[in-house]
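Heads up, structure_37.pdb below (PDB, C-alpha atoms and all ligand atoms):
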```
ATOM      1  CA  MET A   1     114.759  79.007 -59.647
ATOM      2  CA  LYS A   2     116.716  77.509 -56.809
ATOM      3  CA  ALA A   3     120.456  76.902 -56.882
ATOM      4  CA  TYR A   4     121.439  73.256 -56.509
ATOM      5  CA  ASN A   5     124.857  74.074 -55.083
ATOM      6  CA  THR A   6     126.325  77.181 -53.461
ATOM      7  CA  MET A   7     129.497  78.392 -51.775
ATOM      8  CA  ARG A   8     130.570  81.489 -49.931
ATOM      9  CA  LEU A   9     134.002  82.884 -49.063
ATOM     10  CA  SER A  10     134.961  85.810 -46.896
ATOM     11  CA  PHE A  11     138.503  87.168 -46.749
ATOM     12  CA  ASP A  12     140.534  90.261 -45.885
ATOM     13  CA  SER A  13     140.956  92.848 -48.630
ATOM     14  CA  ARG A  14     144.640  92.092 -49.068
ATOM     15  CA  SER A  15     146.022  91.879 -52.592
ATOM     16  CA  ALA A  16     147.554  88.464 -51.924
ATOM     17  CA  ASN A  17     143.975  87.115 -51.782
ATOM     18  CA  GLU A  18     143.217  88.015 -55.422
ATOM     19  CA  ALA A  19     144.771  84.764 -56.652
ATOM     20  CA  PHE A  20     143.100  82.796 -53.853
ATOM     21  CA  ALA A  21     139.623  84.082 -54.728
ATOM     22  CA  ARG A  22     139.754  83.379 -58.469
ATOM     23  CA  THR A  23     141.347  79.955 -57.959
ATOM     24  CA  ALA A  24     138.713  78.975 -55.388
ATOM     25  CA  VAL A  25     135.855  79.938 -57.729
ATOM     26  CA  ALA A  26     137.492  78.013 -60.576
ATOM     27  CA  ALA A  27     137.769  74.925 -58.370
ATOM     28  CA  PHE A  28     134.092  75.210 -57.398
ATOM     29  CA  LEU A  29     133.089  75.164 -61.094
ATOM     30  CA  CYS A  30     135.140  72.064 -61.929
ATOM     31  CA  PRO A  31     132.213  69.583 -61.665
ATOM     32  CA  LEU A  32     130.570  71.428 -64.604
ATOM     33  CA  ASP A  33     133.461  70.276 -66.762
ATOM     34  CA  PRO A  34     134.211  73.710 -68.246
ATOM     35  CA  THR A  35     136.700  74.250 -71.061
ATOM     36  CA  VAL A  36     140.085  75.801 -70.328
ATOM     37  CA  GLU A  37     138.861  78.972 -71.994
ATOM     38  CA  GLU A  38     135.699  79.136 -69.883
ATOM     39  CA  ILE A  39     137.662  78.679 -66.666
ATOM     40  CA  LEU A  40     140.057  81.424 -67.717
ATOM     41  CA  ASP A  41     137.173  83.786 -68.560
ATOM     42  CA  VAL A  42     135.562  83.268 -65.158
ATOM     43  CA  LYS A  43     138.893  83.582 -63.313
ATOM     44  CA  THR A  44     139.636  86.830 -65.126
ATOM     45  CA  ALA A  45     136.224  88.345 -64.352
ATOM     46  CA  VAL A  46     136.430  87.321 -60.676
ATOM     47  CA  SER A  47     139.944  88.741 -60.472
ATOM     48  CA  GLU A  48     138.676  92.089 -61.822
ATOM     49  CA  ALA A  49     135.802  92.310 -59.353
ATOM     50  CA  VAL A  50     137.878  91.250 -56.345
ATOM     51  CA  THR A  51     140.720  93.604 -57.277
ATOM     52  CA  ASN A  52     138.255  96.475 -57.554
ATOM     53  CA  ALA A  53     136.905  95.715 -54.073
ATOM     54  CA  ILE A  54     140.448  95.707 -52.677
ATOM     55  CA  VAL A  55     141.867  98.640 -54.635
ATOM     56  CA  HIS A  56     138.875 100.983 -54.792
ATOM     57  CA  GLY A  57     136.284  99.767 -52.293
ATOM     58  CA  TYR A  58     138.684  99.625 -49.354
ATOM     59  CA  ARG A  59     141.088 102.250 -50.616
ATOM     60  CA  ASN A  60     142.805 103.161 -47.356
ATOM     61  CA  SER A  61     141.640 100.370 -45.138
ATOM     62  CA  ILE A  62     141.303  96.636 -44.779
ATOM     63  CA  GLY A  63     137.791  95.188 -44.822
ATOM     64  CA  LYS A  64     136.052  91.966 -45.736
ATOM     65  CA  VAL A  65     135.424  90.895 -49.309
ATOM     66  CA  THR A  66     132.748  88.261 -49.821
ATOM     67  CA  VAL A  67     132.612  86.030 -52.879
ATOM     68  CA  SER A  68     129.739  83.643 -53.400
ATOM     69  CA  ALA A  69     128.883  81.351 -56.273
ATOM     70  CA  SER A  70     125.694  79.486 -57.111
ATOM     71  CA  LEU A  71     125.069  76.764 -59.638
ATOM     72  CA  TYR A  72     121.694  76.502 -61.386
ATOM     73  CA  GLU A  73     120.160  74.075 -63.845
ATOM     74  CA  ASN A  74     121.605  74.102 -67.373
ATOM     75  CA  LYS A  75     125.080  74.955 -66.075
ATOM     76  CA  ARG A  76     124.254  78.545 -65.246
ATOM     77  CA  VAL A  77     126.705  80.075 -62.785
ATOM     78  CA  VAL A  78     126.050  83.222 -60.759
ATOM     79  CA  ILE A  79     128.943  84.812 -58.873
ATOM     80  CA  LYS A  80     128.660  87.723 -56.465
ATOM     81  CA  VAL A  81     131.566  89.828 -55.242
ATOM     82  CA  GLN A  82     130.699  92.168 -52.418
ATOM     83  CA  ASP A  83     132.504  94.808 -50.396
ATOM     84  CA  ARG A  84     131.324  97.182 -47.708
ATOM     85  CA  GLY A  85     133.706  99.900 -48.823
ATOM     86  CA  CYS A  86     133.290 103.403 -50.223
ATOM     87  CA  GLY A  87     130.782 102.577 -52.973
ATOM     88  CA  ILE A  88     130.522 104.165 -56.422
ATOM     89  CA  GLU A  89     128.990 107.626 -56.955
ATOM     90  CA  ASP A  90     128.156 107.208 -60.630
ATOM     91  CA  VAL A  91     127.953 103.598 -61.786
ATOM     92  CA  THR A  92     127.234 104.452 -65.436
ATOM     93  CA  LYS A  93     130.383 106.534 -65.601
ATOM     94  CA  ALA A  94     132.456 103.945 -63.724
ATOM     95  CA  ARG A  95     131.473 101.306 -66.294
ATOM     96  CA  GLU A  96     132.682 103.374 -69.252
ATOM     97  CA  PRO A  97     135.827 101.892 -70.818
ATOM     98  CA  LEU A  98     139.014 103.728 -69.781
ATOM     99  CA  PHE A  99     137.334 105.483 -66.864
ATOM    100  CA  THR A 100     139.492 105.153 -63.760
ATOM    101  CA  THR A 101     139.915 107.081 -60.520
ATOM    102  CA  ALA A 102     143.423 105.670 -60.080
ATOM    103  CA  PRO A 103     145.436 106.458 -63.239
ATOM    104  CA  GLU A 104     148.594 107.142 -61.213
ATOM    105  CA  GLU A 105     148.653 103.451 -60.251
ATOM    106  CA  GLU A 106     148.693 102.410 -63.901
ATOM    107  CA  ARG A 107     145.101 101.251 -63.771
ATOM    108  CA  ALA A 108     143.739 101.013 -67.290
ATOM    109  CA  GLY A 109     140.090 101.637 -66.441
ATOM    110  CA  LEU A 110     139.145  98.456 -68.262
ATOM    111  CA  GLY A 111     138.072  96.130 -65.453
ATOM    112  CA  PHE A 112     134.346  96.527 -66.112
ATOM    113  CA  ALA A 113     134.880  96.254 -69.878
ATOM    114  CA  VAL A 114     136.742  92.988 -69.360
ATOM    115  CA  MET A 115     134.042  91.588 -67.034
ATOM    116  CA  GLU A 116     131.326  92.586 -69.465
ATOM    117  CA  SER A 117     132.913  90.980 -72.491
ATOM    118  CA  LEU A 118     133.943  87.730 -70.778
ATOM    119  CA  MET A 119     130.660  87.069 -68.962
ATOM    120  CA  ASP A 120     127.086  86.742 -70.221
ATOM    121  CA  LYS A 121     125.781  89.278 -67.707
ATOM    122  CA  LEU A 122     127.259  91.916 -65.402
ATOM    123  CA  LYS A 123     125.281  93.779 -62.771
ATOM    124  CA  VAL A 124     126.699  96.524 -60.584
ATOM    125  CA  SER A 125     124.814  97.703 -57.544
ATOM    126  CA  SER A 126     126.475 100.253 -55.336
ATOM    127  CA  LYS A 127     125.692 102.835 -52.700
ATOM    128  CA  PRO A 128     128.176 105.548 -51.770
ATOM    129  CA  GLY A 129     129.378 104.951 -48.228
ATOM    130  CA  LYS A 130     127.782 101.482 -48.081
ATOM    131  CA  GLY A 131     129.620  99.338 -50.589
ATOM    132  CA  THR A 132     129.375  97.543 -53.905
ATOM    133  CA  THR A 133     128.036  94.228 -55.136
ATOM    134  CA  ILE A 134     129.057  92.873 -58.530
ATOM    135  CA  THR A 135     126.978  90.059 -60.007
ATOM    136  CA  LEU A 136     128.550  88.002 -62.776
ATOM    137  CA  GLU A 137     126.654  85.400 -64.737
ATOM    138  CA  ARG A 138     127.831  82.829 -67.234
ATOM    139  CA  VAL A 139     126.497  79.659 -68.788
ATOM    140  CA  ILE A 140     129.110  76.933 -69.046
ATOM    141  CA  ARG A 141     128.938  74.942 -72.277
ATOM    142  CA  SER A 142     131.194  72.168 -70.987
ATOM    143  CA  LYS A 143     133.893  70.279 -72.835
ATOM    144  CA  GLU A 144     131.418  67.753 -74.170
ATOM    145  CA  ALA A 145     129.387  70.419 -75.982
ATOM    146  CA  ALA A 146     132.561  72.078 -77.259
ATOM    147  CA  ASN A 147     133.787  68.744 -78.637
ATOM    148  CA  ASP A 148     130.435  67.985 -80.242
ATOM    149  CA  SER A 149     130.354  71.244 -82.139
ATOM    150  CA  ALA A 150     133.970  70.756 -83.237
ATOM    151  CA  ARG A 151     133.141  67.355 -84.676
TER     152      ARG A 151
ATOM    153  CA  MET B 152     148.815  77.275 -55.090
ATOM    154  CA  THR B 153     150.010  79.695 -57.787
ATOM    155  CA  ALA B 154     153.560  79.810 -59.046
ATOM    156  CA  LYS B 155     155.607  82.864 -58.267
ATOM    157  CA  THR B 156     155.404  85.680 -60.785
ATOM    158  CA  TYR B 157     158.709  87.098 -61.974
ATOM    159  CA  VAL B 158     160.521  88.684 -64.887
ATOM    160  CA  ASN B 159     163.708  87.642 -66.610
ATOM    161  CA  ILE B 160     165.452  90.487 -68.427
ATOM    162  CA  GLU B 161     167.897  90.052 -71.275
ATOM    163  CA  ILE B 162     169.601  92.934 -73.043
ATOM    164  CA  GLN B 163     171.395  92.454 -76.341
ATOM    165  CA  ASP B 164     172.770  95.480 -78.129
ATOM    166  CA  GLU B 165     169.796  97.834 -78.178
ATOM    167  CA  VAL B 166     167.119  95.195 -77.762
ATOM    168  CA  PHE B 167     165.564  94.734 -74.342
ATOM    169  CA  ILE B 168     163.609  91.546 -73.735
ATOM    170  CA  ALA B 169     161.519  91.146 -70.589
ATOM    171  CA  ARG B 170     160.243  87.581 -70.259
ATOM    172  CA  LEU B 171     157.284  87.424 -67.924
ATOM    173  CA  TYR B 172     156.379  84.319 -65.933
ATOM    174  CA  GLY B 173     153.441  83.411 -63.709
ATOM    175  CA  GLU B 174     150.163  85.255 -63.141
ATOM    176  CA  LEU B 175     149.801  88.970 -63.811
ATOM    177  CA  ASP B 176     147.395  90.625 -61.406
ATOM    178  CA  HIS B 177     147.320  93.756 -59.272
ATOM    179  CA  HIS B 178     149.273  91.983 -56.527
ATOM    180  CA  SER B 179     152.070  90.568 -58.658
ATOM    181  CA  VAL B 180     152.572  93.256 -61.279
ATOM    182  CA  GLN B 181     154.040  96.069 -59.162
ATOM    183  CA  PRO B 182     157.542  94.614 -58.545
ATOM    184  CA  LEU B 183     157.790  93.563 -62.195
ATOM    185  CA  ARG B 184     157.203  97.028 -63.549
ATOM    186  CA  GLU B 185     159.722  98.518 -61.123
ATOM    187  CA  GLU B 186     162.343  96.034 -62.255
ATOM    188  CA  ILE B 187     161.627  96.583 -65.947
ATOM    189  CA  ASP B 188     161.631 100.381 -65.646
ATOM    190  CA  ALA B 189     164.862 100.538 -63.652
ATOM    191  CA  MET B 190     166.695  98.317 -66.141
ATOM    192  CA  ALA B 191     165.262 100.034 -69.198
ATOM    193  CA  LEU B 192     166.116 103.533 -67.958
ATOM    194  CA  GLN B 193     169.656 102.374 -67.267
ATOM    195  CA  ASN B 194     170.155 100.744 -70.662
ATOM    196  CA  ARG B 195     168.013 102.961 -72.905
ATOM    197  CA  PRO B 196     167.184 100.332 -75.560
ATOM    198  CA  LYS B 197     165.796 101.035 -79.033
ATOM    199  CA  GLU B 198     163.425  98.109 -78.864
ATOM    200  CA  LEU B 199     161.444  96.929 -75.866
ATOM    201  CA  ILE B 200     159.966  93.444 -76.061
ATOM    202  CA  LEU B 201     157.545  91.983 -73.531
ATOM    203  CA  ASP B 202     157.382  88.216 -73.827
ATOM    204  CA  PHE B 203     154.146  86.724 -72.448
ATOM    205  CA  ALA B 204     154.885  83.078 -73.261
ATOM    206  CA  GLY B 205     155.277  82.215 -69.577
ATOM    207  CA  VAL B 206     152.117  84.027 -68.459
ATOM    208  CA  GLY B 207     149.369  81.612 -67.453
ATOM    209  CA  PHE B 208     146.898  84.251 -66.332
ATOM    210  CA  MET B 209     146.408  87.977 -66.685
ATOM    211  CA  ASP B 210     143.660  90.485 -65.930
ATOM    212  CA  SER B 211     143.475  94.221 -66.637
ATOM    213  CA  SER B 212     146.565  94.727 -64.459
ATOM    214  CA  GLY B 213     148.477  93.175 -67.352
ATOM    215  CA  ILE B 214     146.950  95.789 -69.645
ATOM    216  CA  GLY B 215     148.100  98.478 -67.218
ATOM    217  CA  LEU B 216     151.586  96.993 -67.364
ATOM    218  CA  VAL B 217     151.633  97.211 -71.162
ATOM    219  CA  MET B 218     150.178 100.733 -71.243
ATOM    220  CA  GLY B 219     152.790 101.934 -68.759
ATOM    221  CA  ARG B 220     155.638 100.326 -70.723
ATOM    222  CA  TYR B 221     154.250 101.905 -73.894
ATOM    223  CA  LYS B 222     154.699 105.304 -72.254
ATOM    224  CA  LEU B 223     158.172 104.314 -71.117
ATOM    225  CA  ALA B 224     159.101 103.220 -74.637
ATOM    226  CA  GLN B 225     157.902 106.553 -75.987
ATOM    227  CA  GLU B 226     160.042 108.406 -73.444
ATOM    228  CA  LEU B 227     163.051 106.373 -74.549
ATOM    229  CA  GLY B 228     162.245 106.736 -78.236
ATOM    230  CA  ALA B 229     162.007 102.961 -78.390
ATOM    231  CA  GLU B 230     159.557 100.642 -80.062
ATOM    232  CA  LEU B 231     157.369  98.352 -77.955
ATOM    233  CA  ARG B 232     156.616  94.831 -79.085
ATOM    234  CA  LEU B 233     154.599  92.061 -77.419
ATOM    235  CA  CYS B 234     155.213  88.413 -78.144
ATOM    236  CA  GLY B 235     154.314  84.936 -76.946
ATOM    237  CA  LEU B 236     150.731  85.859 -76.060
ATOM    238  CA  THR B 237     148.673  82.764 -75.332
ATOM    239  CA  ALA B 238     145.021  82.678 -76.409
ATOM    240  CA  GLY B 239     143.783  83.856 -72.990
ATOM    241  CA  SER B 240     146.175  86.810 -72.721
ATOM    242  CA  LYS B 241     145.433  87.766 -76.301
ATOM    243  CA  ARG B 242     141.709  87.899 -75.581
ATOM    244  CA  VAL B 243     142.223  90.310 -72.693
ATOM    245  CA  MET B 244     144.623  92.441 -74.768
ATOM    246  CA  GLN B 245     142.124  92.660 -77.598
ATOM    247  CA  ILE B 246     139.282  93.724 -75.312
ATOM    248  CA  ALA B 247     141.579  96.578 -74.349
ATOM    249  CA  GLY B 248     142.464  97.379 -77.958
ATOM    250  CA  MET B 249     146.146  96.892 -77.179
ATOM    251  CA  ASP B 250     146.680  95.600 -80.704
ATOM    252  CA  LYS B 251     146.517  99.272 -81.733
ATOM    253  CA  LEU B 252     149.256 100.367 -79.309
ATOM    254  CA  ALA B 253     151.900  97.748 -79.821
ATOM    255  CA  LYS B 254     152.828  95.130 -82.394
ATOM    256  CA  PHE B 255     152.114  91.513 -81.501
TER     257      PHE B 255
HETATM  258  N1  LIG C   1     134.231  97.961 -55.612
HETATM  259  C1  LIG C   1     134.388  99.244 -55.925
HETATM  260  N2  LIG C   1     134.279 100.228 -54.975
HETATM  261  C2  LIG C   1     134.437 101.518 -55.290
HETATM  262  N3  LIG C   1     134.703 101.970 -56.540
HETATM  263  C3  LIG C   1     134.817 101.070 -57.525
HETATM  264  C4  LIG C   1     134.663  99.673 -57.275
HETATM  265  N4  LIG C   1     134.820  99.015 -58.461
HETATM  266  C5  LIG C   1     135.067  99.953 -59.381
HETATM  267  N5  LIG C   1     135.078 101.206 -58.847
HETATM  268  C6  LIG C   1     135.261 102.480 -59.578
HETATM  269  O1  LIG C   1     135.041 102.249 -60.962
HETATM  270  C7  LIG C   1     136.199 102.625 -61.728
HETATM  271  C8  LIG C   1     136.329 101.725 -62.933
HETATM  272  O2  LIG C   1     136.611 100.380 -62.560
HETATM  273  P1  LIG C   1     137.417  99.454 -63.577
HETATM  274  O3  LIG C   1     137.676  98.149 -62.945
HETATM  275  O4  LIG C   1     136.695  99.459 -64.890
HETATM  276  O5  LIG C   1     138.779 100.251 -63.809
HETATM  277  P2  LIG C   1     140.007 100.401 -62.795
HETATM  278  O6  LIG C   1     139.894  99.456 -61.667
HETATM  279  O7  LIG C   1     140.139 101.840 -62.455
HETATM  280  O8  LIG C   1     141.237  99.986 -63.732
HETATM  281  P3  LIG C   1     141.650  98.467 -64.137
HETATM  282  O9  LIG C   1     140.568  97.558 -63.666
HETATM  283  O10 LIG C   1     141.760  98.501 -65.621
HETATM  284  O11 LIG C   1     142.943  98.206 -63.492
HETATM  285  C9  LIG C   1     137.341 102.571 -60.741
HETATM  286  O12 LIG C   1     138.425 103.400 -61.112
HETATM  287  C10 LIG C   1     136.674 103.034 -59.448
HETATM  288  O13 LIG C   1     136.581 104.437 -59.397
HETATM  289 MG    MG C   2     139.512  97.456 -61.948
END
```

Using structure tokens, write down the structure that the file contains.
Amino acid sequence: MKAYNTMRLSFDSRSANEAFARTAVAAFLCPLDPTVEEILDVKTAVSEAVTNAIVHGYRNSIGKVTVSASLYENKRVVIKVQDRGCGIEDVTKAREPLFTTAPEEERAGLGFAVMESLMDKLKVSSKPGKGTTITLERVIRSKEAANDSAR
Amino acid sequence: MTAKTYVNIEIQDEVFIARLYGELDHHSVQPLREEIDAMALQNRPKELILDFAGVGFMDSSGIGLVMGRYKLAQELGAELRLCGLTAGSKRVMQIAGMDKLAKF
């Protein structure tokens, strides 16, 4: 299926851009009329993926982080967060709750767990030395649907 | 675009209240934890309260903040309590199982 609307952002892996990235994605989704909760879920998941690219992907360097979002029929949203940083040796292990390679920075090791529980789908593809792409997917129910079911 | 993130600390007798405001992410959380730790180590409270009422957004960096302050509270022999969690913050805390670490 073809996306009916897309966007793409590229920015430096500086921590100040974490808020920029999640806010930009949230703004892009506005025409779908998401609930406050849905917007917050997506912002949180994007924040996790972008932070990981900045903190882990480009550990001792500054590189480009790319965030893209595509809208499909039936309010399906697909978001990709990509870095060309160090990559992940063992993705299965990295996705385990509480696993972190940066405990001294007070990282909880819960970023992937948070993404997984807030989104409908999470895909991690990574190659050591090449970089990581996170794909997040979520269907927006919209306020209208939420109101209908509350009625 | 996003309001500044900051902490307001109030100490009364042996109760230490840190009121958090803004958005808690990897970028914003670092100065907050330094401020909280410095004040708490100086005052050695018996109860450490983190008030999330002013937090409009948090990701797992907020969980890291709580986990770190839990360790700090243990070092001080203090109790950690979380309050004012909005629905969004609560959801993230529960994914992390923080309800087992601290009262809220
Ligand atoms: N983009 C990335 N590039 C390289 N390594 C990554 C990337 N994303 C995640 N990782 C690895 O996967 C581990 C787990 O990631 P996760 O987000 O679950 O936890 P964390 O970032 O360590 O802690 P938290 O997100 O709770 O602050 C990281 O510690 C890191 O080793
Ligand atoms: Mg993370």

For CA of Leu192 (chain B) and CA of Val180 (chain B), the interatomic separation in Å (one decimal): 18.3 Å

Within 12 Å of Gly248 (chain B), counting all atoms listed in the file, which residues show up once you throw out same-chain ones fewer than 3 positions away? Write them as a VMD selection string, please. (chain A and resid 97 to 98 108 110 113 to 114) or (chain B and resid 211 214 217 to 218 241 to 245 251 to 255)

Ligand MG 2 (chain C) proximity check over B:Gly239, B:Asp210, B:Ala169, B:Cys234, using all atoms listed in the file: winner is B:Asp210

Taking all atoms listed in the file into account and nothing else, which residues of chain B lie no more than 9 Å away from chain A? Please answer as a PDB file with C-alpha atoms, in the coordinates of the input.
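Writing the result to result.pdb gives the following:
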```
ATOM      1  CA  MET B 152     148.815  77.275 -55.090  1.00  0.00           C
ATOM      2  CA  THR B 153     150.010  79.695 -57.787  1.00  0.00           C
ATOM      3  CA  GLU B 174     150.163  85.255 -63.141  1.00  0.00           C
ATOM      4  CA  ASP B 176     147.395  90.625 -61.406  1.00  0.00           C
ATOM      5  CA  HIS B 177     147.320  93.756 -59.272  1.00  0.00           C
ATOM      6  CA  HIS B 178     149.273  91.983 -56.527  1.00  0.00           C
ATOM      7  CA  SER B 179     152.070  90.568 -58.658  1.00  0.00           C
ATOM      8  CA  PHE B 208     146.898  84.251 -66.332  1.00  0.00           C
ATOM      9  CA  MET B 209     146.408  87.977 -66.685  1.00  0.00           C
ATOM     10  CA  ASP B 210     143.660  90.485 -65.930  1.00  0.00           C
ATOM     11  CA  SER B 211     143.475  94.221 -66.637  1.00  0.00           C
ATOM     12  CA  SER B 212     146.565  94.727 -64.459  1.00  0.00           C
ATOM     13  CA  ILE B 214     146.950  95.789 -69.645  1.00  0.00           C
ATOM     14  CA  GLY B 215     148.100  98.478 -67.218  1.00  0.00           C
ATOM     15  CA  LEU B 216     151.586  96.993 -67.364  1.00  0.00           C
ATOM     16  CA  MET B 218     150.178 100.733 -71.243  1.00  0.00           C
ATOM     17  CA  GLY B 219     152.790 101.934 -68.759  1.00  0.00           C
ATOM     18  CA  ALA B 238     145.021  82.678 -76.409  1.00  0.00           C
ATOM     19  CA  GLY B 239     143.783  83.856 -72.990  1.00  0.00           C
ATOM     20  CA  VAL B 243     142.223  90.310 -72.693  1.00  0.00           C
ATOM     21  CA  ILE B 246     139.282  93.724 -75.312  1.00  0.00           C
ATOM     22  CA  ALA B 247     141.579  96.578 -74.349  1.00  0.00           C
TER      23      ALA B 247
END
```

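The shortest atom-to-atom distance to ligand LIG 1 (chain C), with only C-alpha atoms and all ligand atoms taken into account, belongs to B:Leu175 out of B:Thr156, B:Glu185, B:Leu175, B:Leu223.
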
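Picture a line from atom C6 of ligand LIG 1 (chain C) to CA of Val91 (chain A); it runs 7.7 Å.
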
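This file, queried with the PyMOL selection byres (((chain A and resi 130) around 10) and not hetatm), gives the residues Gly57, Asp83, Arg84, Gly85, Cys86, Gly87, Ile88, Ser126, Lys127, Pro128, Gly129, Gly131 and Thr132 of chain A.
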
Sphere at (134.8, 81.7, -55.3), radius 7 Å, counting only C-alpha atoms: residues as a compact mmCIF listing (two decimals) with C-alpha atoms, in the coordinates of the input:
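Output contents, as saved in part_32.txt:
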```txt
# COMPACT_ATOMS: atom_id res chain seq x y z
CA ARG A 8 130.57 81.49 -49.93
CA LEU A 9 134.00 82.88 -49.06
CA ALA A 21 139.62 84.08 -54.73
CA ARG A 22 139.75 83.38 -58.47
CA ALA A 24 138.71 78.97 -55.39
CA VAL A 25 135.85 79.94 -57.73
CA ALA A 26 137.49 78.01 -60.58
CA PHE A 28 134.09 75.21 -57.40
CA VAL A 67 132.61 86.03 -52.88
CA SER A 68 129.74 83.64 -53.40
CA ALA A 69 128.88 81.35 -56.27
```

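For the file at hand, the PyMOL selection byres (((chain A and resi 13) around 6) and not hetatm) resolves to Asp12, Arg14, Ile54, Ile62, Gly63, Lys64 and Val65 of chain A.
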
If the PyMOL selection byres (((chain B and resi 164-166) around 6) and not hetatm) is run on the structure shown, which residues does it catch, given as a ChimeraX atom specification? /B:162-163,167,196-198

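Here CA of Lys75 (chain A) and CA of Gly207 (chain B) stand 25.2 Å from one another.
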
Select, from B:Leu233, B:Leu183, B:Gly213, B:Gln225, the residue with the minimum atom-to-atom distance to ligand MG 2 (chain C), counting all atoms listed in the file.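 Comparing B:Leu233, B:Leu183, B:Gly213, B:Gln225 against ligand MG 2 (chain C), the winner is B:Gly213.
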
Please identify all polymer residues lying at most 6 Å from the point (163.6, 104.2, -74.7) (file coordinates), using all atoms listed in the file, and present the result as a ChimeraX atom specification. /B:195-197,224,226-229

Incomplete region 19-37 of chain A filled out to N, CA and C atoms as a PDB file, in the frame of the given file:
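Just written: out_35.pdb:
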```pdb
ATOM      1  N   ALA A  19     144.538  86.072 -56.021  1.00  0.00           N
ATOM      2  CA  ALA A  19     144.771  84.764 -56.652  1.00  0.00           C
ATOM      3  C   ALA A  19     143.962  83.684 -55.947  1.00  0.00           C
ATOM      4  N   PHE A  20     143.888  83.771 -54.624  1.00  0.00           N
ATOM      5  CA  PHE A  20     143.100  82.796 -53.853  1.00  0.00           C
ATOM      6  C   PHE A  20     141.636  82.791 -54.305  1.00  0.00           C
ATOM      7  N   ALA A  21     141.049  83.983 -54.411  1.00  0.00           N
ATOM      8  CA  ALA A  21     139.623  84.082 -54.728  1.00  0.00           C
ATOM      9  C   ALA A  21     139.311  83.498 -56.106  1.00  0.00           C
ATOM     10  N   ARG A  22     140.078  83.864 -57.117  1.00  0.00           N
ATOM     11  CA  ARG A  22     139.754  83.379 -58.469  1.00  0.00           C
ATOM     12  C   ARG A  22     140.011  81.879 -58.596  1.00  0.00           C
ATOM     13  N   THR A  23     141.041  81.386 -57.893  1.00  0.00           N
ATOM     14  CA  THR A  23     141.347  79.955 -57.959  1.00  0.00           C
ATOM     15  C   THR A  23     140.265  79.141 -57.253  1.00  0.00           C
ATOM     16  N   ALA A  24     139.765  79.673 -56.139  1.00  0.00           N
ATOM     17  CA  ALA A  24     138.713  78.975 -55.388  1.00  0.00           C
ATOM     18  C   ALA A  24     137.434  78.876 -56.223  1.00  0.00           C
ATOM     19  N   VAL A  25     137.063  79.972 -56.892  1.00  0.00           N
ATOM     20  CA  VAL A  25     135.855  79.938 -57.729  1.00  0.00           C
ATOM     21  C   VAL A  25     136.040  78.933 -58.868  1.00  0.00           C
ATOM     22  N   ALA A  26     137.213  78.945 -59.480  1.00  0.00           N
ATOM     23  CA  ALA A  26     137.492  78.013 -60.576  1.00  0.00           C
ATOM     24  C   ALA A  26     137.350  76.571 -60.094  1.00  0.00           C
ATOM     25  N   ALA A  27     137.848  76.289 -58.912  1.00  0.00           N
ATOM     26  CA  ALA A  27     137.769  74.925 -58.370  1.00  0.00           C
ATOM     27  C   ALA A  27     136.313  74.527 -58.125  1.00  0.00           C
ATOM     28  N   PHE A  28     135.508  75.486 -57.669  1.00  0.00           N
ATOM     29  CA  PHE A  28     134.092  75.210 -57.398  1.00  0.00           C
ATOM     30  C   PHE A  28     133.342  74.832 -58.679  1.00  0.00           C
ATOM     31  N   LEU A  29     133.774  75.408 -59.815  1.00  0.00           N
ATOM     32  CA  LEU A  29     133.089  75.164 -61.094  1.00  0.00           C
ATOM     33  C   LEU A  29     133.520  73.869 -61.773  1.00  0.00           C
ATOM     34  N   CYS A  30     134.568  73.244 -61.270  1.00  0.00           N
ATOM     35  CA  CYS A  30     135.140  72.064 -61.929  1.00  0.00           C
ATOM     36  C   CYS A  30     134.128  70.957 -62.259  1.00  0.00           C
ATOM     37  N   PRO A  31     133.177  70.641 -61.352  1.00  0.00           N
ATOM     38  CA  PRO A  31     132.213  69.583 -61.665  1.00  0.00           C
ATOM     39  C   PRO A  31     131.386  69.857 -62.929  1.00  0.00           C
ATOM     40  N   LEU A  32     131.320  71.110 -63.382  1.00  0.00           N
ATOM     41  CA  LEU A  32     130.570  71.428 -64.604  1.00  0.00           C
ATOM     42  C   LEU A  32     131.362  71.076 -65.855  1.00  0.00           C
ATOM     43  N   ASP A  33     132.611  70.667 -65.655  1.00  0.00           N
ATOM     44  CA  ASP A  33     133.461  70.276 -66.762  1.00  0.00           C
ATOM     45  C   ASP A  33     133.657  71.404 -67.786  1.00  0.00           C
ATOM     46  N   PRO A  34     134.028  72.582 -67.324  1.00  0.00           N
ATOM     47  CA  PRO A  34     134.211  73.710 -68.246  1.00  0.00           C
ATOM     48  C   PRO A  34     135.451  73.541 -69.113  1.00  0.00           C
ATOM     49  N   THR A  35     135.490  74.254 -70.230  1.00  0.00           N
ATOM     50  CA  THR A  35     136.700  74.250 -71.061  1.00  0.00           C
ATOM     51  C   THR A  35     137.754  75.136 -70.401  1.00  0.00           C
ATOM     52  N   VAL A  36     138.982  74.990 -70.846  1.00  0.00           N
ATOM     53  CA  VAL A  36     140.085  75.801 -70.328  1.00  0.00           C
ATOM     54  C   VAL A  36     139.768  77.288 -70.516  1.00  0.00           C
ATOM     55  N   GLU A  37     139.192  77.588 -71.678  1.00  0.00           N
ATOM     56  CA  GLU A  37     138.861  78.972 -71.994  1.00  0.00           C
ATOM     57  C   GLU A  37     137.787  79.521 -71.047  1.00  0.00           C
TER      58      GLU A  37
END
```
